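Presented below is the structure to which this report refers.
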Amino acid sequence: FAILPEKMQPSREQSSIRQKLGSILGLSASRAPALPQKSYDELGRPEHSTFFTADVLRELEQGVPMAQRVRAMKELHEIVATKRLEEHAVQAIWQAIKDLVDPSQPVEARHAALVFTRALIRGQFEDLGVLRAHFFRVVQGHAVKEDTQHRLELMRALTHDGRNIQYMEEAVGPFLVEWMPEAVTLGSAVEFLSLLVHLLHYNAACFEEESLVGLVQLSSTLANKSTQIEIIELCLDLLNAVVCYSSLPTDALLSFVTTLCLSLNIERVARKSLEVMLRLLGTHLGHSAIYTMCTILQERSRGQDALLLRGAVFYISMSLWGVRRVESLELSFGSVLPSVRQAVLSGHTIVVYEVALSLGRLVRCYSAQLHPLEWDLIYAALEAIQLHLSRLQQALVEPAAVPSSSLGQCLRELFASIEEAYEGGQSIGDAERFFSLLEGSTELLPVRSVLTLLSYRSSVICSAEPGWLEPGWLEQLLGFMEKFYRQETRSAIRVEALNFLGRVLAESPASHQSEVLERVALPVLQPVAEDPDGEVRCRAMQLLIHLLGETPKWAEPLLAIISSVLQNGLDKATQCKAEGEEGPKLPASKAAIFGLTQLFKAKLHSSSPVAAKVFHLLVAFLHQHYQQGCFLPTACAMRMNIFNCILSLRANEAGQVGYQESGSVRFSPFFTCCLVPGCETPAASSLSPTLLNYRAAFSAVLVCLEEEREWEVLAGLLHQLQGLLQDRTLTLAGMPDLSSLCQQLCVMAEEQGPHITQLYNLSSKADLAACTYPVLANLCSYPSHLDRKAQHVLVCCLEAGLVGNNAKTCISALEICSLELQATMTRLLPRVLYRLGQVAATPTLARPVLSFLAGLVPICALYSGFVEQQYLSVFGIALPYTNQEKYSSYVVVLAHQVIAMWFVRCRMQYRPTIARFIHKSLAMNLSRGGASQLGKGGVEGRAALSELTEVCADMMARYVYSNLSTLPARSSNAEFLISGGPSKTWLVGHTLVTVTTSGQGGGKIGVCRRCAAFRTKTRTVDEATEDLGGLKLPGGVPDQVLCSCWCKGWAEILIRRPTGNISWMMRLQNRLQALSVGEPYSPSNADWSLLAPTYPCEAVGRGGKLGPPARDESETPQHQGEPPRPRPAASPGSASESGGSTPELLTPRASDVSTAPLTPRASDVSTAPLTPRASDIPTAPLTPRASGVPTVPLTPRASDVPTAPLTPRASDIPTAPLTPRASDVSTAPLT
């Protein structure tokens, strides 16, 4: 309640209404009246209570002071609001206070009466009945502006917050329409709209159409003008209530749609506005609403309201093809697209932007359902959007809330959607019109869209439909390149334009190709060297190289453009180097070089001279690199590629050039190198071959070796040179005099070049030497093309490399030098051997070192002037490799072989000293290696090492004082005596001792087979004596014992050692009883006695047995020098009784054993080399005979069979008398 003025306050004498109520209720004045307990009737309502008596009503009636009346209403406020009054109490109270509502009353009293009335209505609402109509007329007729808020509260109370309008249904609608402007104007719009929304929500059916039209229009106007979000939301709630709970009149549709279109632009109410619009479109007025919005878009009078147009465009697109599409709307897209296009013509950027978004949604979702007419409408709208965007970019229109970049992005997405439909094979209407739109917005389109445009244009230009003879197609092509190549700034589009030009050139007829090149391609590509786009330059280079391969007659202008690009790249690199900046990447130059090398490989086997021009251009480019000092890392790959190309060439003997790839070479009959003398011109082609100037290439190689700063390039060059130098024809064609190359490589190998320290990425100088020495090794095979100084430098350089990591390569190269550069090696071999002696003996170098020493042996001129110290150095190099503990068996055997080969070629006077040196070293190795092997429990290693040492010692013993043949030759006389005789072999250590005797029995009695055959020739004894080597028969010997005297007693002693064989003939001088006159000869007795004339012997006869010989007591001992006594012949009877001849066992007598030393005769010693016979070398396992001792087959070892003639040594021929030792005389019988 408002505070009453002081004059209206009641006096103290006046009794309080509260006190009266207290007395009525029986309460004391000191406390508040206790409310009686409520009681309810049968309907569940509180029963009537008696509160208002005459005294209480008297306090409210007229005549009571105003202040007292106001105070009474204040005190009764709670009672009337919460208690159910007695019947007719409301009428009584209203009659008491209605005068206070009169506009003439003071404001405070009037407001108090209105508040009390509102409480009375709310508290007694259920009992009012028709009094509500009376109170409604009071509110309706109380047109006091100051009381508007109280009137609204009374209206809310009368309608129970809009829920019940009974007794006032017909009058409430018109009254609200009439009262609304006043309520809004007086600032009660929120309360009024809230009441109105509730009224429509619960009582919409009671509102007449005119009332609804008025309310909708007033609400729309209020929403469109208000800036308060709360009011706008309430207006939308009112419109929503109309749509949901009533039927929107057609007259109110325009206002309704307009409000929704405008409110869509307010972010906080946009969603609510959309929901209301979708509900409207879902009703029977949906089509009318679409028509209304199309009308809005097409009316020029509304063209100034951009927000209205934008909302209309959005609602149309959303309801027909958006994500909230209204299915009940059966409208085609073509029915609304003209209106949408018309909205673009309004010139508002925000509207154009919304149209672009809407068209984008349409194309993305329903492109497959669009008809050609609809596509035409879309393209028309796109044309209008393009026009507006171009004007916006030219600042011909005012700036809008939507920037041109957003509009451009939206347009790009729209074009992308159409393009996707086109690529998916869907119909997009007039494709030419679409691509014309794309061409008009290329600066806005993504690269992908422009590439699609280029593909379409190229298909149109290159298609066979119009034909290549269509007038103006060249101008069209030139304009195309002008737009998409020269004016365009994006790399991908320019590259695709070049690809398009390449396709045109490839597909154009031959008659038009030259014209396209002359009028389009060359003018477009001429300034490519100055183009700042590296990617475009790269593609241009690829296109030029392709054209160069396809159109050889245009080679000169095309190569000129390529050369200008290469030169421009070099100039930029040089400039950056001078300014100290980082070098450019040079992608175009790199692409050109790589493309030219591939073109050279492809054209090498064709008759076109393009390959030669490319070759010369590449070589010239190399020279320019080094002349301008372009050593930037970016140029490294280019130089490497050029060197790989020109150094991979090979030439055959006829001078034909081929390219080596994957290990194979196919030579071309169309190109030749500078032929060496003696080579003929290839005749594989009727045309004369084109000459490749390989000398310029070799010149570039020399310059690279002198000035290159990139280790990667230098390493690749050295690697390629190794293979190139193996091609003698091409090497000599490029550089007949290799001395400068050799000296330069030697300087690099010795790490003395001035540019060695400036090499980039060189981890260590050892890498440089490792790449250089293999090239020097290949140069060793060109002795006639190296002067004496170069040869000397080469050998010295290889000698210096022996002490580094490249010793193996240098040793192999020196071995070649010993064959090719003998004059130089003869002078420098002592130095080389001295340096080689300083190299550590490692398993890696074992084979190369021993191979080098073995290779020197056949070339006697190299070491003909050696002195003892130099020979010792050779053995000092080889002897460490005889250590079996460090080296493999192969190396140890090879080292022994090298020692043997060098020993037999030493001068005779140096051999004793050298032999002692070798023997001492081998003995040390034997003792050291043997102890190590025994310590490990292995005896085989020691045995193998001992065998090698023994063989080596045997060899030195044989040759230390003389050079003898290793294989003795048997004379014809010895062959006659010994051939077919009994033979026996003994293995003594590593020596085979073979004794072959004469006198094999057979034939006639007393005559051997040889003599029998000899006698059949009817020759005289003198003739036979001559054939026996001039030996005289002793006198008095009868003919029947001739063979017993001369075939018996001869023996050949053959000693076979690993280092050679020794053989001599000997004859027993002791007189045998078998030669006595008158005693028949027994061949069996003679055979085995020859084997050991002083040994006790046994004989085995046919069918006989072993046993002591039968001694004849009549015999008397014979003395030395007496003639042999004849033995009595065996009696025939005894022989027949025993069934055969009984073998006679011979026991040597003491007189038969000679005690005097045996002195060999000069005739018994062969002075000619003994050559082994093929029959003496067993090729199969040797099986011992029954008479032999060993019972296991003897298999000859490979080491026992000499592979070279062995010369006997003088030390092997005894010159002193041989005295038999007692240990040599066996006391056991020989079986």
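Going by the structure tokens order, chains are called A, B, ..., each with residues numbered from 1, while ligands are numbered from 1 in the order shown.
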_Can you pull out the residues contacting Phe594 in chain A? Cut-off 9 Å, using only C-alpha atoms, and skip same-chain residues under 3 positions away; I want them as a list in words._
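Counting only C-alpha atoms, the residues come to Ser589, Lys590, Ala591, Thr597, Gln598, Leu599, Met638, Asn641 and Ile642 of chain A.
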*Per DSSP on the backbone, what are the alpha helix (DSSP H) residues of range 308-367 of chain A, as an MDAnalysis selection string?*
chainID A and resid 308:321 337:344 349:366
*Report the distance between CA of Leu922 in chain A and CA of Met956 in chain A in Å, rounded to one decimal place.*
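Interatomic distance here is 12.2 Å.
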*All residues 8 Å or closer to range 372-378 of chain A, only C-alpha atoms, same chain fewer than 6 positions away omitted, as a list in words*: Phe333, Gly334, Leu337, Pro338, Arg341, Leu359, Ile428, Gly429 and Asp430 of chain A
*Counting only C-alpha atoms, what is within 9 Å of Ile316 in chain A, bar same-chain residues fewer than 5 positions away, as number ranges by chain?*
A: 290, 293-294, 311, 321-322, 336, 340, 358
Write the residues of the selection above to a file with C-alpha atoms, as a JSON list (two decimals), in the first residue's frame.
```json
[["chain", "number", "residue", "atom", "x", "y", "z"],
["A", 290, "ILE", "CA", 5.35, -19.28, -49.43],
["A", 293, "MET", "CA", 7.29, -14.55, -49.12],
["A", 294, "CYS", "CA", 7.84, -14.80, -52.89],
["A", 311, "GLY", "CA", 14.41, -13.87, -43.86],
["A", 321, "TRP", "CA", 15.07, -27.99, -49.59],
["A", 322, "GLY", "CA", 16.63, -27.38, -46.20],
["A", 336, "VAL", "CA", 10.40, -20.16, -56.15],
["A", 340, "VAL", "CA", 15.13, -15.99, -55.21],
["A", 358, "SER", "CA", 20.38, -21.36, -50.14]]
```
_Neighbour list for range 797-799 of chain A as a ChimeraX atom specification, cut-off 9 Å, only C-alpha atoms, skip fewer than 3 positions in-chain_ = /A:746-747,749-750,773,776-777,792-794,802-803,807,809-811,813-814,831-833,835-836
*In Å, with one decimal, what is the gap from CA of Gly1049 in chain A to CA of His990 in chain A?*
28.3 Å
*Interatomic distance, CA of Glu488 in chain A to CA of Glu383 in chain A (Å, one decimal)*: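 These two atoms are separated by 21.7 Å.
Distances from A:Lys585, A:His284, A:Arg666, A:Arg639 to Leu604 in chain A were compared using only C-alpha atoms, and the smallest one belongs to A:Arg666.
Residues surrounding Phe667 in chain A within 10 Å are Leu604, His605, Leu649, Arg650, Ala651, Asn652, Gly655, Gln656, Val657, Gly658, Tyr659 and Gln660 of chain A [only C-alpha atoms; sequence separation below 6 positions excluded].
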*Rank A:Ser962, A:Asn883, A:Ser436, A:Ser998 by their smallest atom-to-atom distance to Ala923 in chain A, using only C-alpha atoms, and report the top residue only.*
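Closest to Ala923 in chain A, using only C-alpha atoms: A:Asn883.
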*Which of these, A:Tyr366, A:Ser346, A:Leu281, A:Phe600, has the shortest distance to Glu330 in chain A once you count only C-alpha atoms?*
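Once distances to Glu330 in chain A are computed over only C-alpha atoms, the minimum belongs to A:Leu281.
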